[in-house]
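A quick write-up on the structure given underneath.
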Protein chains: 4
Amino acid sequence: MSEKGFSGIFPYLVTPFDDSLRLKEDVLADLVNHLISKGVHGLTPLGSTGEGVYLPSDTKKRTVEVVVRAAGRRVPVIAGVNEMTTAGAIKQAAEFQRIGVDGILVILPTYFPLSERQIVGHFRAVARAVSCPVVLYANPKYAGWDFTLPMLQELAEEPNILYLKDASGNTGKLFSIMSALKGRIRVFSASAHVPLFVFMMGGAGWMAGPACLIPEQCIELYRLALEKRWEKALELQKKLWPLNVAFQRYSLTPCVKAGLEIQGFPVGPPAPPQKPLSEEEKKAVSRVLEKIGALESG
Amino acid sequence: MSEKGFSGIFPYLVTPFDDSLRLKEDVLADLVNHLISKGVHGLTPLGSTGEGVYLPSDTKKRTVEVVVRAAGRRVPVIAGVNEMTTAGAIKQAAEFQRIGVDGILVILPTYFPLSERQIVGHFRAVARAVSCPVVLYANPKYAGWDFTLPMLQELAEEPNILYLKDASGNTGKLFSIMSALKGRIRVFSASAHVPLFVFMMGGAGWMAGPACLIPEQCIELYRLALEKRWEKALELQKKLWPLNVAFQRYSLTPCVKAGLEIQGFPVGPPAPPQKPLSEEEKKAVSRVLEKIGALESG
Amino acid sequence: MSEKGFSGIFPYLVTPFDDSLRLKEDVLADLVNHLISKGVHGLTPLGSTGEGVYLPSDTKKRTVEVVVRAAGRRVPVIAGVNEMTTAGAIKQAAEFQRIGVDGILVILPTYFPLSERQIVGHFRAVARAVSCPVVLYANPKYAGWDFTLPMLQELAEEPNILYLKDASGNTGKLFSIMSALKGRIRVFSASAHVPLFVFMMGGAGWMAGPACLIPEQCIELYRLALEKRWEKALELQKKLWPLNVAFQRYSLTPCVKAGLEIQGFPVGPPAPPQKPLSEEEKKAVSRVLEKIGALESG
Amino acid sequence: MSEKGFSGIFPYLVTPFDDSLRLKEDVLADLVNHLISKGVHGLTPLGSTGEGVYLPSDTKKRTVEVVVRAAGRRVPVIAGVNEMTTAGAIKQAAEFQRIGVDGILVILPTYFPLSERQIVGHFRAVARAVSCPVVLYANPKYAGWDFTLPMLQELAEEPNILYLKDASGNTGKLFSIMSALKGRIRVFSASAHVPLFVFMMGGAGWMAGPACLIPEQCIELYRLALEKRWEKALELQKKLWPLNVAFQRYSLTPCVKAGLEIQGFPVGPPAPPQKPLSEEEKKAVSRVLEKIGALESG
């Protein structure tokens, strides 16, 4: 991790497990090594794609241990904290810090509707429980709420809340946030966005599932953006876009897990009630990966 | 439990715990004894009001043990199963059955959007994991999805799926469901409904939070409905309605916990990110309880 | 109209027109005579079912003239005012009053999102433009907004705003409104509600499309409610409910127009972009009407 | 209009009228001349900002006549057709073509929910009623529906449906549409988007309200994009963005009308139920315009 903080391509790692939700540690370590060898700038276990909300605490703890050890400080690890209670999130965040993560990504799954005050209170409390950098995350499509600019301005008072991963898909909203919080909170693109445009606006990078499947292409996109070779970058973005579309059409995790299986990583099925892709759907993903040139590398 | 199945007033028990989410077993047992002494027809620990989604597995297990033991088979106990994964829900359901519950109420908290097929698959699988009766539950205001009539018709194929607790607030929808599934799936009212009208349509009873605070009045309402004394029942329903309104205005659990504290049960605060009621809000709840005549009985 | 104000069954009249949207005056007058002969308590031209938002001003004016003349003061006529601008609504309301209506039903179709202040301002201004009683109407399923209790309390300051036709389908909401505005604003049921329950709560009546097709049965339901013969009423409500369901499944106006054609009234098709029912759908409506016993009376 | 079709900056003209909704023809002609003198590439009367849904037919007809005459074929005029019925839209479209517009922008305000089939049917029918190019328009924030890709693919079968003005704000969606319909349907940005990114993806231009207030800056942004001077363009886009934000915060038309009044065009107030900006809000808009350098030009 550079002194300038997190930036670049951070794959949202899937969590490989068998039908009993037992972690496949070797497959996970292999995936970590594979992605680092491809040049990713960091790793994010237990993001949405990592099915963190679905796993028992001890599996989550073990997942982070495996990733941190396999990464061996070659790249920063930002682990997803996704507990419904503030107490649970605080405990998990502290635990992940002890394990040695470089940052945490805080997700707040909701059951009861929460007020802005309650949401801000949760993220603040978790941030105060650790000394490492914190990435805020909300997915309005899943949760029915999103950070407002005033909420972000309040949260920016916490010195270690440094990043936002935005999944709204609304570039205009991002433009407003980045103008208002310039230099204070940096933004990572999600796959609901056109990542190139987030890079262009000065985004820190792209944190998301596709980078598990097409790490080289994602890195190339980021590199072209850094070099301000916009037309070249746009051309590549167009080529990669069908994978974002596939992610939106099929469920997120089932899609990444299917793609990795196609590429030769036996990551197993998603946890029910999610279902694996049908054979038909797998073929569609396979075709998309082939066109992008991501099937040789499995 | 009568041979005719579950019916009547089933309070959605709060789960009393301290600031560290440690179960207050004695307070819970006291509450169980108090409610049974008032005449409730059953008890439902770990429904929404019971903050089941917020508690660790072992606390949930212990909660059910305490309730089952304190109830001592005087009334049926229907325990809430509220896990995000099908595997977790199956495990929890089986465990609750071993502890000795008379039925389970299955709640499916969602993070990723799920298809109807995936939702039906979850409830089917959990129902097959137990031999006791199953109550289906969905809260469209919390979760963004609700059972459709075709989904219910499919689920009615499982012989032990016998009840639905509907929280839509839409009486017309209930009317359609009850017409279509007459005699196959019986409906419990939630507090989003006007329970009297659900009774009138032939509903099995009322499963919800207010019965923790006003058990006698809820039972009286149910009794009047059984006796078809509709005008008398309507008069009582009008008197009780402001409590439903308070529940909708303030958050559900904070409101019931505040009311029980006012009545003398030290059930403690809700789990953050939920927040206890403000002094102002507590006074409003207190006034409502006083008007209903539910403050002498604490 | 009795001194006690409007009450009972008010069919939402369809507006019969040919493919060029030319009013079929004779068919309309026939329908008015037919419904009055069946005993309806009033008539509501240009409600949603009347496609008021779809018709040019002069057609709407003529529609009201035909209905007022055909009714011949035998029953009150409450005409729908459904203009997007306040100026247009004021003009139309005044015009309808000049024609001789007994009341107006004010609908506010929205294009731009409006604030509560803007909505209240509209209804207030229209109410002040007439001396006759005003019925408020909002359809949250169509418009994305609904009256809140504070909005209704503010509007109740206007002395001639006396009624609300609620289409939320949420009986609990209605219960709250009727408790808070008891005696000040009376509520008419829409077909999204179970009308019997609205009658039971003290509702003024039922204003809606089905009464065009099954006037006698609607009147009987209302009469049974007046006589407090609740069980008998419930039995009838159950029998009629499938028509409400058909209304919700198929589009409203196409469904009523199809039913009237089946009954022998050549009311013509709905205005495109709405489409007439398919043959399949017409058969379904026909079967529902037959079961209710509403096909002999055409 | 070049042989290559419409492109560039098309201000969504406000419709200047007095308190009685009487068209201020001279003010409108002045505005047209002013904007053409500033270099805009075309004019769009009766878009959302033009309050087309709020005006009587004859005012709309007169508005288009004034704009077409004042424009004098110096730039193309694309007039908004915004009728709720297909018959009304067909009539209006044909009328506008007779007056001499170069294209029409078809808006479908909805009251009753419509199926995809009904929506496609409407746009198809209107397109067939004219020989000039047609711009499709939907505003999901106003109407609760949006074009799906299959709907657009079906509509692209009509030879004169050539453009889409997208107001979703979702750049990813646009990316998918532009990939799938490349060369067949060209996309105009709305102000909910970051227009620069739409230009970058190959968008045809920007059709929206801000160009009434800052025509030179909008044209400059478009020119920089044409010249592929992306960094310079991004810098300008950042400077202009606060105006988009103001548009989103305050209502659209009230905001543009207030800004034009500040710039010296007596365009009058918006039509109630919309309300003019408060003094406070006007000052905020004024400050935004000043920063952009758009107050000298009034």
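Residues in the structure tokens are numbered from 1 in each chain, the chains being A, B, ... in the order shown, and ligands are numbered from 1 in the order shown.
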Superposed chain B (ref. Chain A, all C-alpha pairs in order) as an mmCIF file with C-alpha atoms, in the first residue's frame:
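Dumped to superposed.cif:
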data_model
loop_
_atom_site.group_PDB
_atom_site.id
_atom_site.type_symbol
_atom_site.label_atom_id
_atom_site.label_comp_id
_atom_site.auth_asym_id
_atom_site.auth_seq_id
_atom_site.Cartn_x
_atom_site.Cartn_y
_atom_site.Cartn_z
ATOM 1 C CA MET B 1 -0.045 0.018 0.195
ATOM 2 C CA SER B 2 1.446 3.290 -0.919
ATOM 3 C CA GLU B 3 1.523 6.281 1.370
ATOM 4 C CA LYS B 4 -1.122 7.829 -0.831
ATOM 5 C CA GLY B 5 -3.659 5.277 0.250
ATOM 6 C CA PHE B 6 -5.606 2.624 -1.569
ATOM 7 C CA SER B 7 -6.050 2.878 -5.309
ATOM 8 C CA GLY B 8 -6.511 0.753 -8.376
ATOM 9 C CA ILE B 9 -8.183 -2.592 -8.926
ATOM 10 C CA PHE B 10 -9.421 -4.467 -5.859
ATOM 11 C CA PRO B 11 -11.208 -7.708 -6.771
ATOM 12 C CA TYR B 12 -14.174 -8.506 -4.570
ATOM 13 C CA LEU B 13 -13.115 -12.051 -3.755
ATOM 14 C CA VAL B 14 -15.677 -14.810 -3.800
ATOM 15 C CA THR B 15 -15.557 -17.086 -0.791
ATOM 16 C CA PRO B 16 -15.044 -20.640 -2.038
ATOM 17 C CA PHE B 17 -16.980 -23.204 -0.007
ATOM 18 C CA ASP B 18 -18.579 -26.589 -0.431
ATOM 19 C CA ASP B 19 -22.250 -27.500 -0.090
ATOM 20 C CA SER B 20 -21.942 -27.381 3.700
ATOM 21 C CA LEU B 21 -20.537 -23.827 3.553
ATOM 22 C CA ARG B 22 -17.132 -25.228 4.631
ATOM 23 C CA LEU B 23 -14.356 -22.913 3.469
ATOM 24 C CA LYS B 24 -12.120 -24.258 0.684
ATOM 25 C CA GLU B 25 -8.955 -22.695 2.014
ATOM 26 C CA ASP B 26 -6.631 -23.934 -0.710
ATOM 27 C CA VAL B 27 -8.855 -22.685 -3.501
ATOM 28 C CA LEU B 28 -9.034 -19.294 -1.825
ATOM 29 C CA ALA B 29 -5.250 -19.111 -1.403
ATOM 30 C CA ASP B 30 -4.812 -20.142 -5.042
ATOM 31 C CA LEU B 31 -7.180 -17.426 -6.161
ATOM 32 C CA VAL B 32 -5.298 -14.848 -4.094
ATOM 33 C CA ASN B 33 -1.976 -15.893 -5.601
ATOM 34 C CA HIS B 34 -3.431 -15.934 -9.104
ATOM 35 C CA LEU B 35 -4.873 -12.426 -8.796
ATOM 36 C CA ILE B 36 -1.715 -10.969 -7.263
ATOM 37 C CA SER B 37 0.326 -12.559 -10.035
ATOM 38 C CA LYS B 38 -1.937 -10.810 -12.520
ATOM 39 C CA GLY B 39 -1.144 -7.481 -10.900
ATOM 40 C CA VAL B 40 -4.188 -6.459 -8.880
ATOM 41 C CA HIS B 41 -3.596 -3.564 -6.520
ATOM 42 C CA GLY B 42 -5.384 -5.029 -3.540
ATOM 43 C CA LEU B 43 -7.883 -7.643 -2.421
ATOM 44 C CA THR B 44 -11.320 -7.329 -0.835
ATOM 45 C CA PRO B 45 -12.608 -10.484 0.832
ATOM 46 C CA LEU B 46 -16.176 -10.522 2.197
ATOM 47 C CA GLY B 47 -17.598 -7.767 0.018
ATOM 48 C CA SER B 48 -21.086 -8.471 -1.375
ATOM 49 C CA THR B 49 -19.632 -10.977 -3.845
ATOM 50 C CA GLY B 50 -17.905 -12.697 -0.935
ATOM 51 C CA GLU B 51 -21.303 -13.589 0.569
ATOM 52 C CA GLY B 52 -20.162 -12.126 3.882
ATOM 53 C CA VAL B 53 -23.743 -11.688 5.067
ATOM 54 C CA TYR B 54 -24.295 -15.412 4.559
ATOM 55 C CA LEU B 55 -21.344 -16.826 6.482
ATOM 56 C CA PRO B 56 -20.933 -17.662 10.173
ATOM 57 C CA SER B 57 -18.461 -15.530 12.121
ATOM 58 C CA ASP B 58 -15.769 -18.185 12.371
ATOM 59 C CA THR B 59 -15.836 -18.837 8.613
ATOM 60 C CA LYS B 60 -15.475 -15.108 8.009
ATOM 61 C CA LYS B 61 -12.573 -14.881 10.422
ATOM 62 C CA ARG B 62 -10.857 -17.831 8.782
ATOM 63 C CA THR B 63 -11.488 -16.353 5.307
ATOM 64 C CA VAL B 64 -9.687 -13.181 6.271
ATOM 65 C CA GLU B 65 -6.826 -15.121 7.844
ATOM 66 C CA VAL B 66 -6.339 -17.167 4.675
ATOM 67 C CA VAL B 67 -6.382 -14.089 2.453
ATOM 68 C CA VAL B 68 -4.038 -12.069 4.672
ATOM 69 C CA ARG B 69 -1.566 -14.946 4.897
ATOM 70 C CA ALA B 70 -1.702 -15.774 1.178
ATOM 71 C CA ALA B 71 -1.316 -12.112 0.247
ATOM 72 C CA GLY B 72 1.756 -11.903 2.441
ATOM 73 C CA ARG B 73 1.699 -8.093 2.389
ATOM 74 C CA ARG B 74 2.305 -8.052 -1.351
ATOM 75 C CA VAL B 75 -0.927 -6.032 -1.748
ATOM 76 C CA PRO B 76 -3.256 -4.429 0.791
ATOM 77 C CA VAL B 77 -6.233 -6.436 2.045
ATOM 78 C CA ILE B 78 -9.479 -4.593 2.802
ATOM 79 C CA ALA B 79 -11.903 -6.949 4.528
ATOM 80 C CA GLY B 80 -15.655 -6.575 4.440
ATOM 81 C CA VAL B 81 -17.429 -6.119 7.772
ATOM 82 C CA ASN B 82 -21.076 -6.935 7.284
ATOM 83 C CA GLU B 83 -22.940 -7.362 10.510
ATOM 84 C CA MET B 84 -26.463 -6.170 11.225
ATOM 85 C CA THR B 85 -25.696 -4.998 14.747
ATOM 86 C CA THR B 86 -23.280 -2.286 15.694
ATOM 87 C CA ALA B 87 -21.863 -4.480 18.453
ATOM 88 C CA GLY B 88 -21.261 -7.337 16.027
ATOM 89 C CA ALA B 89 -19.655 -5.051 13.471
ATOM 90 C CA ILE B 90 -17.349 -3.490 16.061
ATOM 91 C CA LYS B 91 -16.237 -6.918 17.224
ATOM 92 C CA GLN B 92 -15.656 -8.178 13.701
ATOM 93 C CA ALA B 93 -13.776 -5.046 12.640
ATOM 94 C CA ALA B 94 -11.428 -5.261 15.619
ATOM 95 C CA GLU B 95 -10.845 -8.938 14.951
ATOM 96 C CA PHE B 96 -9.980 -8.334 11.308
ATOM 97 C CA GLN B 97 -7.553 -5.627 12.357
ATOM 98 C CA ARG B 98 -5.850 -8.031 14.729
ATOM 99 C CA ILE B 99 -5.536 -10.534 11.898
ATOM 100 C CA GLY B 100 -3.657 -7.886 9.985
ATOM 101 C CA VAL B 101 -5.915 -6.355 7.341
ATOM 102 C CA ASP B 102 -4.905 -2.985 5.892
ATOM 103 C CA GLY B 103 -8.411 -1.578 5.905
ATOM 104 C CA ILE B 104 -12.058 -2.510 6.317
ATOM 105 C CA LEU B 105 -15.064 -2.067 4.063
ATOM 106 C CA VAL B 106 -18.159 -1.529 6.198
ATOM 107 C CA ILE B 107 -21.482 -2.797 4.872
ATOM 108 C CA LEU B 108 -24.691 -2.395 6.895
ATOM 109 C CA PRO B 109 -27.290 -5.001 5.974
ATOM 110 C CA THR B 110 -30.669 -3.769 7.220
ATOM 111 C CA TYR B 111 -33.778 -5.551 8.401
ATOM 112 C CA PHE B 112 -35.680 -2.823 10.218
ATOM 113 C CA PRO B 113 -35.746 0.529 8.391
ATOM 114 C CA LEU B 114 -33.154 2.829 9.944
ATOM 115 C CA SER B 115 -33.028 6.596 10.223
ATOM 116 C CA GLU B 116 -30.090 8.565 8.840
ATOM 117 C CA ARG B 117 -29.030 9.213 12.420
ATOM 118 C CA GLN B 118 -28.963 5.483 13.190
ATOM 119 C CA ILE B 119 -27.003 4.683 10.025
ATOM 120 C CA VAL B 120 -24.439 7.400 10.663
ATOM 121 C CA GLY B 121 -24.152 6.181 14.249
ATOM 122 C CA HIS B 122 -23.343 2.667 13.085
ATOM 123 C CA PHE B 123 -20.570 3.642 10.662
ATOM 124 C CA ARG B 124 -19.056 6.102 13.131
ATOM 125 C CA ALA B 125 -18.961 3.497 15.897
ATOM 126 C CA VAL B 126 -17.312 0.893 13.700
ATOM 127 C CA ALA B 127 -14.745 3.392 12.414
ATOM 128 C CA ARG B 128 -13.849 4.312 15.985
ATOM 129 C CA ALA B 129 -13.268 0.650 16.825
ATOM 130 C CA VAL B 130 -10.285 0.422 14.466
ATOM 131 C CA SER B 131 -7.264 2.508 13.578
ATOM 132 C CA CYS B 132 -7.041 1.378 9.956
ATOM 133 C CA PRO B 133 -8.703 3.157 7.013
ATOM 134 C CA VAL B 134 -12.422 2.573 6.510
ATOM 135 C CA VAL B 135 -14.328 2.263 3.224
ATOM 136 C CA LEU B 136 -18.030 3.117 3.419
ATOM 137 C CA TYR B 137 -20.372 1.010 1.361
ATOM 138 C CA ALA B 138 -24.088 1.080 0.619
ATOM 139 C CA ASN B 139 -26.028 -0.668 -2.078
ATOM 140 C CA PRO B 140 -29.351 1.111 -2.662
ATOM 141 C CA LYS B 141 -30.538 -1.661 -4.978
ATOM 142 C CA TYR B 142 -30.220 -4.195 -2.175
ATOM 143 C CA ALA B 143 -31.008 -2.157 0.883
ATOM 144 C CA GLY B 144 -33.477 0.588 0.013
ATOM 145 C CA TRP B 145 -31.231 3.308 1.436
ATOM 146 C CA ASP B 146 -28.130 5.159 0.298
ATOM 147 C CA PHE B 147 -25.739 7.679 1.778
ATOM 148 C CA THR B 148 -26.838 11.253 1.254
ATOM 149 C CA LEU B 149 -24.294 14.009 0.887
ATOM 150 C CA PRO B 150 -25.017 15.367 4.414
ATOM 151 C CA MET B 151 -24.499 11.867 5.847
ATOM 152 C CA LEU B 152 -21.147 11.597 4.085
ATOM 153 C CA GLN B 153 -20.131 15.039 5.270
ATOM 154 C CA GLU B 154 -20.877 14.008 8.837
ATOM 155 C CA LEU B 155 -19.008 10.719 8.481
ATOM 156 C CA ALA B 156 -16.005 12.510 7.014
ATOM 157 C CA GLU B 157 -15.439 13.904 10.500
ATOM 158 C CA GLU B 158 -14.033 10.532 11.493
ATOM 159 C CA PRO B 159 -10.334 10.720 10.596
ATOM 160 C CA ASN B 160 -10.086 7.136 9.331
ATOM 161 C CA ILE B 161 -13.198 7.171 7.131
ATOM 162 C CA LEU B 162 -11.362 7.788 3.900
ATOM 163 C CA TYR B 163 -13.219 6.016 1.107
ATOM 164 C CA LEU B 164 -16.666 5.374 -0.314
ATOM 165 C CA LYS B 165 -17.568 2.533 -2.587
ATOM 166 C CA ASP B 166 -20.662 3.768 -4.388
ATOM 167 C CA ALA B 167 -23.065 1.322 -6.005
ATOM 168 C CA SER B 168 -25.827 3.721 -7.027
ATOM 169 C CA GLY B 169 -24.985 3.593 -10.738
ATOM 170 C CA ASN B 170 -25.756 7.310 -10.836
ATOM 171 C CA THR B 171 -22.712 9.148 -12.140
ATOM 172 C CA GLY B 172 -24.274 12.533 -11.446
ATOM 173 C CA LYS B 173 -24.630 11.692 -7.774
ATOM 174 C CA LEU B 174 -20.976 10.684 -7.704
ATOM 175 C CA PHE B 175 -20.004 13.913 -9.369
ATOM 176 C CA SER B 176 -21.786 15.866 -6.645
ATOM 177 C CA ILE B 177 -20.199 13.800 -3.875
ATOM 178 C CA MET B 178 -16.714 14.102 -5.346
ATOM 179 C CA SER B 179 -17.087 17.857 -5.765
ATOM 180 C CA ALA B 180 -18.303 18.344 -2.220
ATOM 181 C CA LEU B 181 -15.878 15.981 -0.479
ATOM 182 C CA LYS B 182 -12.914 16.530 -2.743
ATOM 183 C CA GLY B 183 -9.760 15.192 -1.165
ATOM 184 C CA ARG B 184 -11.545 14.138 1.988
ATOM 185 C CA ILE B 185 -13.334 10.972 0.914
ATOM 186 C CA ARG B 186 -12.124 9.169 -2.185
ATOM 187 C CA VAL B 187 -14.505 7.121 -4.275
ATOM 188 C CA PHE B 188 -14.193 3.586 -5.591
ATOM 189 C CA SER B 189 -16.373 2.555 -8.508
ATOM 190 C CA ALA B 190 -18.702 -0.419 -8.288
ATOM 191 C CA SER B 191 -19.750 -2.467 -11.290
ATOM 192 C CA ALA B 192 -23.082 -0.651 -11.455
ATOM 193 C CA HIS B 193 -21.027 2.299 -12.696
ATOM 194 C CA VAL B 194 -19.034 2.704 -15.879
ATOM 195 C CA PRO B 195 -15.690 2.497 -14.029
ATOM 196 C CA LEU B 196 -13.804 4.492 -16.648
ATOM 197 C CA PHE B 197 -15.944 7.532 -15.923
ATOM 198 C CA VAL B 198 -15.308 7.165 -12.194
ATOM 199 C CA PHE B 199 -11.567 7.038 -12.929
ATOM 200 C CA MET B 200 -11.941 10.092 -15.116
ATOM 201 C CA MET B 201 -13.619 12.038 -12.337
ATOM 202 C CA GLY B 202 -10.687 11.224 -10.100
ATOM 203 C CA GLY B 203 -11.985 8.029 -8.498
ATOM 204 C CA ALA B 204 -9.550 5.977 -6.461
ATOM 205 C CA GLY B 205 -10.214 2.735 -8.290
ATOM 206 C CA TRP B 206 -12.660 -0.078 -8.876
ATOM 207 C CA MET B 207 -13.714 -2.509 -6.198
ATOM 208 C CA ALA B 208 -15.820 -5.234 -7.591
ATOM 209 C CA GLY B 209 -16.510 -8.727 -8.718
ATOM 210 C CA PRO B 210 -15.502 -8.658 -12.409
ATOM 211 C CA ALA B 211 -11.849 -8.195 -11.453
ATOM 212 C CA CYS B 212 -11.874 -11.797 -10.176
ATOM 213 C CA LEU B 213 -12.524 -12.921 -13.739
ATOM 214 C CA ILE B 214 -10.716 -10.333 -15.856
ATOM 215 C CA PRO B 215 -7.967 -8.916 -13.626
ATOM 216 C CA GLU B 216 -5.573 -8.021 -16.447
ATOM 217 C CA GLN B 217 -8.203 -6.161 -18.411
ATOM 218 C CA CYS B 218 -9.375 -4.229 -15.357
ATOM 219 C CA ILE B 219 -5.796 -3.256 -14.551
ATOM 220 C CA GLU B 220 -5.215 -2.188 -18.155
ATOM 221 C CA LEU B 221 -8.326 -0.009 -18.003
ATOM 222 C CA TYR B 222 -7.086 1.642 -14.827
ATOM 223 C CA ARG B 223 -3.588 2.114 -16.291
ATOM 224 C CA LEU B 224 -4.951 3.758 -19.436
ATOM 225 C CA ALA B 225 -6.984 6.099 -17.259
ATOM 226 C CA LEU B 226 -3.921 6.992 -15.180
ATOM 227 C CA GLU B 227 -2.082 7.760 -18.420
ATOM 228 C CA LYS B 228 -5.070 9.832 -19.561
ATOM 229 C CA ARG B 229 -5.300 7.799 -22.773
ATOM 230 C CA TRP B 230 -9.064 8.288 -22.748
ATOM 231 C CA GLU B 231 -9.968 7.053 -26.193
ATOM 232 C CA LYS B 232 -7.953 3.879 -25.845
ATOM 233 C CA ALA B 233 -9.527 3.436 -22.400
ATOM 234 C CA LEU B 234 -13.018 3.952 -23.775
ATOM 235 C CA GLU B 235 -12.418 1.317 -26.420
ATOM 236 C CA LEU B 236 -11.390 -1.160 -23.738
ATOM 237 C CA GLN B 237 -14.296 -0.153 -21.499
ATOM 238 C CA LYS B 238 -16.690 -0.919 -24.361
ATOM 239 C CA LYS B 239 -15.137 -4.332 -24.789
ATOM 240 C CA LEU B 240 -15.463 -5.118 -21.068
ATOM 241 C CA TRP B 241 -18.964 -3.719 -20.587
ATOM 242 C CA PRO B 242 -20.864 -6.916 -21.490
ATOM 243 C CA LEU B 243 -19.467 -8.496 -18.318
ATOM 244 C CA ASN B 244 -21.020 -5.721 -16.194
ATOM 245 C CA VAL B 245 -24.277 -6.384 -18.036
ATOM 246 C CA ALA B 246 -24.061 -10.105 -17.317
ATOM 247 C CA PHE B 247 -23.506 -9.268 -13.642
ATOM 248 C CA GLN B 248 -26.618 -7.141 -13.580
ATOM 249 C CA ARG B 249 -28.749 -9.705 -15.395
ATOM 250 C CA TYR B 250 -27.712 -12.812 -13.466
ATOM 251 C CA SER B 251 -27.149 -12.541 -9.753
ATOM 252 C CA LEU B 252 -23.761 -11.179 -8.795
ATOM 253 C CA THR B 253 -22.102 -13.987 -6.832
ATOM 254 C CA PRO B 254 -23.538 -16.881 -8.866
ATOM 255 C CA CYS B 255 -22.137 -15.160 -11.952
ATOM 256 C CA VAL B 256 -18.593 -14.679 -10.597
ATOM 257 C CA LYS B 257 -18.504 -18.160 -9.103
ATOM 258 C CA ALA B 258 -19.652 -19.673 -12.399
ATOM 259 C CA GLY B 259 -17.013 -17.708 -14.286
ATOM 260 C CA LEU B 260 -14.238 -18.814 -11.956
ATOM 261 C CA GLU B 261 -15.318 -22.428 -12.263
ATOM 262 C CA ILE B 262 -15.137 -22.027 -16.054
ATOM 263 C CA GLN B 263 -11.640 -20.610 -15.622
ATOM 264 C CA GLY B 264 -10.617 -23.618 -13.565
ATOM 265 C CA PHE B 265 -11.040 -22.480 -9.972
ATOM 266 C CA PRO B 266 -13.291 -24.923 -8.087
ATOM 267 C CA VAL B 267 -14.895 -22.215 -5.934
ATOM 268 C CA GLY B 268 -18.136 -24.143 -5.528
ATOM 269 C CA PRO B 269 -21.754 -22.947 -5.603
ATOM 270 C CA PRO B 270 -23.225 -19.829 -3.982
ATOM 271 C CA ALA B 271 -25.021 -20.315 -0.663
ATOM 272 C CA PRO B 272 -28.761 -21.018 -0.951
ATOM 273 C CA PRO B 273 -31.269 -19.367 -1.155
ATOM 274 C CA GLN B 274 -29.027 -18.134 -3.955
ATOM 275 C CA LYS B 275 -28.795 -20.638 -6.789
ATOM 276 C CA PRO B 276 -25.955 -21.488 -9.196
ATOM 277 C CA LEU B 277 -26.382 -20.345 -12.797
ATOM 278 C CA SER B 278 -28.220 -22.686 -15.143
ATOM 279 C CA GLU B 279 -26.251 -24.359 -17.934
ATOM 280 C CA GLU B 280 -27.780 -21.833 -20.325
ATOM 281 C CA GLU B 281 -26.642 -18.924 -18.167
ATOM 282 C CA LYS B 282 -23.165 -20.394 -17.720
ATOM 283 C CA LYS B 283 -22.815 -20.567 -21.497
ATOM 284 C CA ALA B 284 -23.776 -16.907 -21.776
ATOM 285 C CA VAL B 285 -21.117 -15.948 -19.200
ATOM 286 C CA SER B 286 -18.608 -18.175 -20.974
ATOM 287 C CA ARG B 287 -19.273 -16.436 -24.286
ATOM 288 C CA VAL B 288 -18.795 -13.040 -22.670
ATOM 289 C CA LEU B 289 -15.498 -14.096 -21.098
ATOM 290 C CA GLU B 290 -14.306 -15.582 -24.369
ATOM 291 C CA LYS B 291 -14.981 -12.364 -26.283
ATOM 292 C CA ILE B 292 -13.061 -10.394 -23.678
ATOM 293 C CA GLY B 293 -10.193 -12.841 -23.975
ATOM 294 C CA ALA B 294 -10.480 -14.076 -20.407
ATOM 295 C CA LEU B 295 -10.716 -17.800 -20.999
ATOM 296 C CA GLU B 296 -7.117 -18.549 -21.872
ATOM 297 C CA SER B 297 -5.923 -17.271 -18.544
ATOM 298 C CA GLY B 298 -7.802 -19.682 -16.252
#
From a DSSP calculation on the backbone, collect every residue of range 8-149 of chain D in strand (DSSP E) and output the set as a PyMOL selection string. chain D and resi 8-11+78-81+103-107+134-138
